Structure formats: structure tokens, C-alpha cells
2 protein chains.
Amino acid sequence: MTATPGRPRGESDARQSLIVAARHQFAQRTFEAVSTRALAAEAGVDAALIRYYFGSKAGLFEQMLRETLEPVLARLKGKVPTRAQDGFEMLMRTYYRIMAPNPGLPRLIQRVLHDDPQTESYQILQGIFEEILTVSMGWLQTMLIDAGHMREDLDPKLARLSFVSLLVFPLLAPPLMIKNSGLSMSDADIDRLVAHNVDILQRALLRQTE
Amino acid sequence: MTATPGRPRGESDARQSLIVAARHQFAQRTFEAVSTRALAAEAGVDAALIRYYFGSKAGLFEQMLRETLEPVLARLKGKVPTRAQDGFEMLMRTYYRIMAPNPGLPRLIQRVLHDDPQTESYQILQGIFEEILTVSMGWLQTMLIDAGHMREDLDPKLARLSFVSLLVFPLLAPPLMIKNSGLSMSDADIDRLVAHNVDILQRALLRQTE
DNA sequence: TAGGATATTCATCACTGGATGAATTAGCTT
DNA sequence: AAGCTAATTCATCCAGTGATGAATATCCTA
């Protein structure tokens with residue numbers, strides 16, 4: 001705030017503070033709705049540093065996206081389930097656990113991917129996102145379809161869409177609607193939701209073998 | 001554009017043009033991201049008319065919301081299904097048919113309901129939206145639960161959430177993901193989606209009686 | 001036909017937002 | 001030490017934004 005100009009002593013975390021503030025604010029409001037001044041204020045830093053470190057507001061946004069999503073992708077890649085039921089459950093659990101630290105991330109992704117594909121942020125996100133999709137869908141493919149556990153009369157693509165719908169919608173839905181479903185986002189409620197979804201998916205997508 | 005000041009001859013549709021432009025633009029971009037000048041330009045009208053007819057940009061937004069949502073609610077109220085399967089299908093069909101004319105509406109609703117509940121637009125939407133929810137959920141309640149067709153071991157609230165997830169997510173998801181599911185929004189694809197969802201829900205939520 | 005009500009454009013104001021160059025201070029190298 | 005580079009703040013610029021009052025033209029009623 002009332003810091004004097006000039007380089008401060010010792011190590012500084014201005015750059016990281018900006019990333020954190022950006023992650024926080026862009027998770028809740030649109031790119032246009034967030035001002036550089038607000039970002040700088042939350043980071044406790046002068047707005048001109050945005051230009052210094054990232055070139056522009058858009059640059060900060062993009063860098064934040066990169067640094068937020070890459071760990072997500074890395075964590076996803078480290079998992080390989082075995083049986084079909086485990087697959088549903090593990091994929092969902094992993095997903096919710098990854099999203100827990102930044103609750104706005106799904107909506108942020110949704111917003112960016114609804115934007116103009118020419119945008120640089122779209123392109124960045126698309127790259128990472130398609131990899132995430134590929135990994136997740138590959139999982140389902142191996143476990144369910146190749147292993148012959150899925151009902152043959154279903155369109156695999158629609159089945160995947162159903163999976164994703166049940167998984168993601170609760171994170172995208174407005175709070176009003178979530179409250180209406182008796183859910184909070186506590187660990188216990190996440191467990192209930194996962195169990196419910198797994199149950200639904202087993203009955204609806206898998207061959208009933210017993 | 002280059003129209004002269006003063007009242008034009010004959011009937012005018014300036015007000016309606018503004019509503020239409022607002023519906024169009026607010027469906028795609030945020031409230032903050034849409035400028036009054038852009039709205040006026042699309043409507044082919046001077047921006048000062050926004051003040052004249054609606055008091056402010058927010059006023060236009062709210063009025064547009066009202067005039068868009070009230071017919072939706074009216075149409076929903078006119079339907080009463082009988083059997084459970086018909087209920088799933090009719091509710092979904094009705095919903096998709098209502099949304100078809102304005103494809104951005106679900107996301108618009110999502111955005112508003114994620115905003116600060118103090119906002120006037122939130123309050124407007126909340127009123128109408130809760131009524132829509134009540135009607136739809138009442139439907140499910142009567143047809144499924146009271147009639148004893150639903151599995152008793154399910155939490156009804158989670159079951160409703162599943163229903164809504166399958167219904168709404170495809171309309172909220174980014175185009176990239178929809179394409180990935182092999183869907184367009186053609187009538188034929190809507191039919192496929194509805195049939196698939198009904199199948200899923202029947203297997204997952206209903207008692208298997210035969 | 002006179003005069004008020006209605007519907008429209010125009011010019012402008014105050015404000016906000018992003019960008020930018022200059023000034024300032026600290027660290028590092030030789 | 002001297003001087004170059006890195007990291008900050010500050011003051012300001014300019015474009016765009018919502019709002020607003022005044023001017024203008026048409027419609028309607030008495």
C-alpha cells in the first residue's frame with residue numbers, strides 16, 4: 001500500500017501474490033469484470049507490476065491458467081484403476097479432490113471454453129483440457145468398453161456424456177440449486193454424492209451380470 | 001444511425017428492439033461485458049433510449065429477464081403427465097423445446113444465480129426460477145415418489161439432482177465438449193439425447209418391476 | 001390549431017480501466 | 001566503489017462507459 005518505490009529488500013513474492021489473487025478473483029468473476037486495480041489490491045502490490053511480470057492483464061490471466069491447470073493434469077495422469085466400479089469411483093473422487101482447493105475452477109473452465117476460440121486463453125486451456133479429456137475418456141474406454149462391462153446397446157459417447165454430466169453439474173450449478181438438493185460441499189456430502197453417482201452409473205451403464 | 005432527432009413517424013419498435021438485442025447479447029456475454037452502446041447499435045437506436053424506457057442498463061436487463069422467463073413458466077405450468085416414464089420424457093422434451101429459441105438462456109440463468117443475491121436481477125430470477133423448480137419437482141414428486149415407482153433406497157433429493165444434471169448439463173457444457181459427444185443441437189440429436197437420458201433414468205431411479 | 005405528452009437524437013460529463021514511462025531503490029558483478 | 005540490472009511505486013494518458021439534460025420532431029386531444 002504505502003510502500004516506497006524501488007526494489008524492496010530480500011526476497012519478494014509479488015509475482016506469486018498476483019497469481020494467487022488472479023486465481024481467486026477470476027474464479028468468481030469474468031475476465032472483464034475483474035480490474036487490474038482490484039487484483040493489485042488483493043495482492044498488496046502496485047498494478048504496474050502486472051505489466052512488469054505478465055505484460056498485460058490477459059498475460060496474467062493466461063499464466064494463472066497454466067500454473068493452475070498443469071498440476072491438475074499431472075495428478076490425473078498418475079492414476080490407473082482396474083475394475084469398472086473402482087473406475088467410476090476413483091475418477092470422481094480424484095476429480096472432486098483436485099477441484100476442492102479451487103472451487104471456482106470448473107466454472108472458470110466453462111467460461112473460457114465458451115469464449116471465442118481465437119482467444120489466447122482459449123487456446124491454452126484447450127490444449128490442457130483436451131489432454132484431460134483424453135486421459136479420462138481413455139480410462140473409461142479401457143475399463144468399461146474394452147473390458148466388455150458396458151451395455152452394448154448404448155452409444156458410448158452418450159454414456160460418457162452422462163458420466164460427465166453427473167460428475168460436473170453439481171460443481172457448475174448455482175448455490176440455490178445445490179442447497180435445494182440438500183448438499184453442502186463438505187467431505188461427507190461429497191462422499192454421499194459420489195456413492196449415489198456410482199450407484200446410478202452402475203445400474204444404468206453396466207451389464208447386470210449377477 | 002443517422003436518424004434525425006425527434007419522434008419518428010408512425011409506430012416504432014425501439015423498445016422491443018432493445019429487448020431483443022439485450023436477450024441476444026446478455027445470453028452470450030456477462031452483464032458487465034455488454035455495453036449500452038453495443039446494445040443500442042444492435043437495436044439500431046440511440047443509447048439514450050435505454051434510459052428512457054428502462055431507466056438504466058440494469059433496468060433493461062431485468063425487464064428482458066422478466067419478458068423472457070414468464071412465457072417459459074407459463075408453458076411449463078400447462079403440462080401434466082401421467083405415467084413415470086412419460087414424465088421423464090415429457091419434462092425433458094418440454095424443457096428442450098422451450099430452450100431451443102434462446103440457446104443461451106440456461107447459461108444466463110446460471111450466471112445470474114451465481115451472482116450476489118442482493119442484486120435486483122438475482123431477486124427477479126429467483127422468484128421465477130423457484131416457481132419453475134417447484135413445478136418441475138412437484139411433477140417428479142407426484143409421478144415417481146408418491147406413486148411408488150421410485151426405488152426406496154434412494155435419497156429423493158439426490159435423485160432429483162441426477163435428473164437435472166442429465167437434463168441441463170448438455171446445455172451448459174462448452175461446445176468443445178458437446179462436439180466430443182457427437183451431438184449437435186439438431187432435432188434428431190435432441191431426440192437421441194432424450195431417449196438416452198430417459199433410458200438411463202428408468203434403469204437407475206425406478207424400481208424394476210418386470 | 002395550440003399545446004401538452006411522447007419518442008427520439010445529440011453533446012457532454014464524470015468516472016473507471018488498462019497501459020505506460022519515469023523515478024526510485026536494492027542487488028550483483030567486476 | 002561504480003555501474004548495470006532487477007523490482008518496485010507513482011503520476012498520468014487515453015479510450016470507453018453509463019448517465020443525463022437539452023434540443024427536436026411527431027402525435028393526440030381539446
# chains A, B, ... in the order shown; residues from 1 in each chain; ligands from 1
call {"tool": "residues_around", "arguments": {"residues": "segment 155-160 of chain B", "least_positions_apart": "4", "cutoff": "10 Å", "atoms": "only C-alpha atoms (C1' of nucleotides)", "output": "ChimeraX atom specification"}}
result
/A:178,180-183,192-193,196-197,200 /B:136-137,140-141,144-145,150-151,164-165,201,204-205
call {"tool": "calpha_fit_and_write", "arguments": {"fixed": "chain B", "moving": "chain A", "output": "short mmCIF file (atom, residue, chain, number, x, y, z; two decimals) with C-alpha atoms, in the first residue's frame"}}
result
data_model
loop_
_atom_site.label_atom_id
_atom_site.label_comp_id
_atom_site.auth_asym_id
_atom_site.auth_seq_id
_atom_site.Cartn_x
_atom_site.Cartn_y
_atom_site.Cartn_z
CA MET A 1 -28.06 5.33 -37.31
CA THR A 2 -28.31 8.59 -39.19
CA ALA A 3 -31.86 9.19 -38.09
CA THR A 4 -32.84 12.71 -37.20
CA PRO A 5 -33.80 13.62 -33.65
CA GLY A 6 -37.41 13.90 -32.66
CA ARG A 7 -40.23 11.47 -32.55
CA PRO A 8 -40.44 9.29 -35.67
CA ARG A 9 -43.67 8.90 -37.61
CA GLY A 10 -46.03 6.06 -37.01
CA GLU A 11 -45.51 3.16 -34.67
CA SER A 12 -42.09 2.47 -33.36
CA ASP A 13 -40.52 -0.72 -32.09
CA ALA A 14 -37.50 0.80 -30.40
CA ARG A 15 -38.37 -0.58 -27.02
CA GLN A 16 -38.90 -4.09 -28.32
CA SER A 17 -35.73 -3.93 -30.42
CA LEU A 18 -33.79 -3.16 -27.30
CA ILE A 19 -35.30 -6.10 -25.46
CA VAL A 20 -34.45 -8.39 -28.34
CA ALA A 21 -30.90 -7.12 -28.60
CA ALA A 22 -30.50 -7.49 -24.86
CA ARG A 23 -31.78 -11.04 -24.91
CA HIS A 24 -29.35 -11.82 -27.68
CA GLN A 25 -26.26 -10.23 -26.21
CA PHE A 26 -26.75 -11.02 -22.54
CA ALA A 27 -27.22 -14.65 -23.51
CA GLN A 28 -23.64 -14.75 -24.72
CA ARG A 29 -21.65 -12.29 -22.67
CA THR A 30 -21.75 -11.11 -19.08
CA PHE A 31 -23.67 -8.08 -17.91
CA GLU A 32 -20.42 -6.12 -17.50
CA ALA A 33 -19.08 -7.27 -20.85
CA VAL A 34 -22.03 -5.92 -22.81
CA SER A 35 -22.03 -2.18 -23.44
CA THR A 36 -25.07 -0.01 -23.84
CA ARG A 37 -23.59 1.26 -27.08
CA ALA A 38 -23.37 -2.25 -28.45
CA LEU A 39 -26.95 -2.94 -27.43
CA ALA A 40 -28.15 0.27 -29.03
CA ALA A 41 -26.20 -0.50 -32.19
CA GLU A 42 -27.76 -3.92 -32.57
CA ALA A 43 -31.19 -2.46 -31.90
CA GLY A 44 -30.55 0.27 -34.48
CA VAL A 45 -31.35 2.94 -31.95
CA ASP A 46 -29.67 5.58 -29.83
CA ALA A 47 -28.25 4.47 -26.49
CA ALA A 48 -30.10 7.19 -24.64
CA LEU A 49 -33.31 5.25 -25.24
CA ILE A 50 -32.15 2.69 -22.73
CA ARG A 51 -32.44 5.32 -20.08
CA TYR A 52 -35.71 6.55 -21.48
CA TYR A 53 -37.45 3.18 -21.46
CA PHE A 54 -35.71 1.27 -18.70
CA GLY A 55 -33.98 3.83 -16.51
CA SER A 56 -30.59 2.18 -16.84
CA LYS A 57 -28.68 -0.71 -18.31
CA ALA A 58 -29.59 -2.80 -15.27
CA GLY A 59 -33.23 -1.90 -15.80
CA LEU A 60 -33.11 -3.17 -19.35
CA PHE A 61 -31.45 -6.36 -18.18
CA GLU A 62 -34.11 -6.97 -15.59
CA GLN A 63 -36.98 -6.22 -17.89
CA MET A 64 -35.53 -8.54 -20.48
CA LEU A 65 -35.31 -11.26 -17.85
CA ARG A 66 -38.94 -10.81 -16.90
CA GLU A 67 -40.25 -10.83 -20.42
CA THR A 68 -38.16 -13.84 -21.34
CA LEU A 69 -38.88 -16.03 -18.36
CA GLU A 70 -42.54 -15.47 -17.77
CA PRO A 71 -43.65 -17.27 -20.94
CA VAL A 72 -41.35 -20.13 -20.02
CA LEU A 73 -43.05 -20.53 -16.70
CA ALA A 74 -46.46 -20.27 -18.28
CA ARG A 75 -45.71 -23.08 -20.72
CA LEU A 76 -44.39 -25.33 -17.99
CA LYS A 77 -47.50 -24.93 -15.92
CA GLY A 78 -49.73 -26.11 -18.75
CA LYS A 79 -48.44 -29.68 -18.76
CA VAL A 80 -49.38 -32.62 -16.59
CA PRO A 81 -48.03 -36.07 -17.41
CA THR A 82 -49.43 -39.33 -16.17
CA ARG A 83 -47.01 -42.25 -16.11
CA ALA A 84 -43.45 -42.10 -14.81
CA GLN A 85 -41.66 -42.77 -18.10
CA ASP A 86 -43.86 -40.23 -19.83
CA GLY A 87 -42.93 -37.82 -17.10
CA PHE A 88 -39.21 -38.05 -17.68
CA GLU A 89 -39.65 -37.75 -21.36
CA MET A 90 -42.22 -35.02 -21.38
CA LEU A 91 -40.37 -32.88 -18.90
CA MET A 92 -37.16 -33.15 -20.88
CA ARG A 93 -38.82 -32.56 -24.22
CA THR A 94 -40.73 -29.57 -22.90
CA TYR A 95 -37.58 -28.14 -21.44
CA TYR A 96 -35.50 -28.51 -24.58
CA ARG A 97 -38.27 -27.14 -26.73
CA ILE A 98 -38.61 -24.10 -24.54
CA MET A 99 -34.88 -23.48 -24.53
CA ALA A 100 -34.44 -23.97 -28.27
CA PRO A 101 -35.39 -20.39 -29.25
CA ASN A 102 -32.82 -18.89 -26.87
CA PRO A 103 -29.88 -21.24 -26.56
CA GLY A 104 -28.02 -19.02 -24.13
CA LEU A 105 -30.77 -18.96 -21.55
CA PRO A 106 -29.52 -21.74 -19.29
CA ARG A 107 -26.12 -20.15 -18.98
CA LEU A 108 -27.67 -16.76 -18.43
CA ILE A 109 -29.68 -18.18 -15.56
CA GLN A 110 -26.64 -19.88 -14.18
CA ARG A 111 -24.67 -16.64 -14.25
CA VAL A 112 -27.33 -14.59 -12.55
CA LEU A 113 -27.89 -17.15 -9.84
CA HIS A 114 -24.19 -17.25 -9.10
CA ASP A 115 -24.21 -13.53 -8.51
CA ASP A 116 -24.80 -11.65 -5.31
CA PRO A 117 -28.31 -12.45 -4.00
CA GLN A 118 -28.72 -8.77 -3.19
CA THR A 119 -28.74 -7.89 -6.87
CA GLU A 120 -32.12 -6.99 -8.22
CA SER A 121 -31.70 -9.29 -11.20
CA TYR A 122 -30.99 -12.14 -8.82
CA GLN A 123 -34.18 -11.46 -6.94
CA ILE A 124 -36.29 -11.29 -10.07
CA LEU A 125 -34.83 -14.50 -11.38
CA GLN A 126 -35.07 -16.22 -8.04
CA GLY A 127 -38.78 -15.62 -7.86
CA ILE A 128 -39.50 -17.09 -11.25
CA PHE A 129 -36.88 -19.77 -10.96
CA GLU A 130 -38.15 -21.13 -7.69
CA GLU A 131 -41.58 -21.42 -9.20
CA ILE A 132 -40.13 -23.34 -12.13
CA LEU A 133 -38.30 -25.60 -9.73
CA THR A 134 -41.39 -26.12 -7.65
CA VAL A 135 -43.51 -27.07 -10.62
CA SER A 136 -40.91 -29.44 -12.04
CA MET A 137 -40.08 -31.04 -8.74
CA GLY A 138 -43.75 -31.40 -7.93
CA TRP A 139 -44.14 -33.31 -11.13
CA LEU A 140 -41.44 -35.73 -10.24
CA GLN A 141 -42.77 -36.04 -6.72
CA THR A 142 -46.28 -36.94 -7.82
CA MET A 143 -45.35 -39.25 -10.62
CA LEU A 144 -42.42 -41.06 -9.14
CA ILE A 145 -42.38 -40.99 -5.44
CA ASP A 146 -46.02 -40.75 -4.43
CA ALA A 147 -46.95 -43.27 -7.08
CA GLY A 148 -44.34 -45.59 -5.66
CA HIS A 149 -42.35 -46.08 -8.82
CA MET A 150 -39.07 -44.90 -7.45
CA ARG A 151 -36.59 -47.10 -5.67
CA GLU A 152 -37.09 -46.58 -1.95
CA ASP A 153 -33.41 -46.85 -1.15
CA LEU A 154 -32.62 -43.64 -3.01
CA ASP A 155 -32.46 -40.20 -1.49
CA PRO A 156 -35.17 -38.35 -3.43
CA LYS A 157 -33.20 -35.15 -3.42
CA LEU A 158 -30.16 -36.74 -4.94
CA ALA A 159 -32.37 -38.49 -7.45
CA ARG A 160 -33.77 -35.13 -8.49
CA LEU A 161 -30.29 -33.74 -8.77
CA SER A 162 -29.34 -36.57 -11.09
CA PHE A 163 -32.35 -35.85 -13.21
CA VAL A 164 -31.47 -32.19 -13.48
CA SER A 165 -27.82 -32.93 -14.14
CA LEU A 166 -28.55 -35.12 -17.13
CA LEU A 167 -31.08 -32.62 -18.36
CA VAL A 168 -29.18 -29.38 -17.99
CA PHE A 169 -25.51 -30.16 -18.30
CA PRO A 170 -25.56 -30.59 -22.08
CA LEU A 171 -26.89 -27.06 -22.37
CA LEU A 172 -24.25 -25.65 -20.07
CA ALA A 173 -21.24 -27.55 -21.32
CA PRO A 174 -18.71 -25.83 -23.58
CA PRO A 175 -19.11 -26.52 -27.30
CA LEU A 176 -15.82 -28.38 -27.33
CA MET A 177 -17.24 -30.96 -25.00
CA ILE A 178 -20.53 -31.29 -26.79
CA LYS A 179 -18.77 -31.86 -30.07
CA ASN A 180 -16.72 -34.50 -28.28
CA SER A 181 -19.96 -36.29 -27.50
CA GLY A 182 -20.98 -36.39 -31.12
CA LEU A 183 -23.95 -34.13 -30.52
CA SER A 184 -25.11 -31.13 -32.41
CA MET A 185 -28.21 -29.37 -31.26
CA SER A 186 -30.30 -30.56 -34.18
CA ASP A 187 -33.74 -31.99 -33.57
CA ALA A 188 -32.54 -35.49 -34.32
CA ASP A 189 -29.72 -35.24 -31.81
CA ILE A 190 -32.03 -33.82 -29.18
CA ASP A 191 -34.21 -36.85 -29.70
CA ARG A 192 -31.25 -39.18 -29.27
CA LEU A 193 -30.24 -37.38 -26.11
CA VAL A 194 -33.71 -37.45 -24.64
CA ALA A 195 -34.10 -41.16 -25.41
CA HIS A 196 -30.73 -41.91 -23.86
CA ASN A 197 -31.44 -39.92 -20.74
CA VAL A 198 -34.85 -41.48 -20.28
CA ASP A 199 -33.30 -44.89 -20.58
CA ILE A 200 -30.63 -44.06 -18.01
CA LEU A 201 -33.11 -42.63 -15.57
CA GLN A 202 -35.53 -45.52 -15.86
CA ARG A 203 -32.87 -48.06 -15.08
CA ALA A 204 -31.27 -46.07 -12.33
CA LEU A 205 -34.18 -44.47 -10.52
CA LEU A 206 -37.23 -46.68 -11.04
CA ARG A 207 -38.05 -49.99 -9.45
CA GLN A 208 -37.53 -52.73 -11.96
CA THR A 209 -40.96 -54.37 -11.94
CA GLU A 210 -40.94 -56.91 -14.75
#
call {"tool": "interface_residues", "arguments": {"of": "chain D", "to": "chain A", "cutoff": "6 Å", "atoms": "only C-alpha atoms (C1' of nucleotides)", "output": "number ranges by chain"}}
result
D: 7-9
call {"tool": "closest_atom_pairs", "arguments": {"of": "chain C", "to": "chain B", "cutoff": "10 Å", "atoms": "only C-alpha atoms (C1' of nucleotides)", "output": "Markdown table"}}
result
| residue | atom | partner | partner_atom | distance |
| --- | --- | --- | --- | --- |
| C:DT6 | C1' | B:Arg7 | CA | 7.6 |
| C:DA7 | C1' | B:Arg7 | CA | 4.5 |
| C:DT8 | C1' | B:Gly6 | CA | 4.5 |
| C:DT9 | C1' | B:Pro5 | CA | 4.0 |
| C:DC10 | C1' | B:Pro5 | CA | 7.9 |
call {"tool": "write_last_selection", "arguments": {"atoms": "C-alpha atoms (C1' of nucleotides)", "output": "PDB file, in the first residue's frame"}}
result
ATOM      1  C1'  DT C   6     -44.483  11.108 -26.335  1.00  0.00           C
ATOM      2  C1'  DA C   7     -40.396   9.467 -28.626  1.00  0.00           C
ATOM      3  C1'  DT C   8     -36.188  10.230 -30.373  1.00  0.00           C
ATOM      4  C1'  DT C   9     -31.092  12.022 -31.149  1.00  0.00           C
ATOM      5  C1'  DC C  10     -27.033  14.610 -29.600  1.00  0.00           C
TER       6       DC C  10
END
call {"tool": "residues_around", "arguments": {"residues": "DG21 of chain D", "least_positions_apart": "2", "cutoff": "10 Å", "atoms": "only C-alpha atoms (C1' of nucleotides)", "output": "PyMOL selection string"}}
result
(chain C and resi 11-12) or (chain D and resi 23)
call {"tool": "select_by_dssp", "arguments": {"residues": "segment 16-205 of chain B", "states": "helix (DSSP H, G or I)", "output": "PyMOL selection string"}}
result
chain B and resi 16-26+36-43+48-54+57-77+84-99+105-114+120-146+156-172+175-180+187-205
call {"tool": "residues_around", "arguments": {"residues": "DA2 of chain C", "least_positions_apart": "5", "cutoff": "12 Å", "atoms": "only C-alpha atoms (C1' of nucleotides)", "output": "list of chain:residue names"}}
result
D:DC28, D:DT29, D:DA30
call {"tool": "atom_distance", "arguments": {"atom1": "atom C1' of DA1 of chain D", "atom2": "atom C1' of DT29 of chain C"}}
result
12.0 Å
call {"tool": "atom_distance", "arguments": {"atom1": "atom C1' of DG21 of chain C", "atom2": "atom C1' of DT17 of chain D"}}
result
26.0 Å
call {"tool": "atom_distance", "arguments": {"atom1": "atom C1' of DG18 of chain D", "atom2": "atom C1' of DA5 of chain C"}}
result
26.9 Å
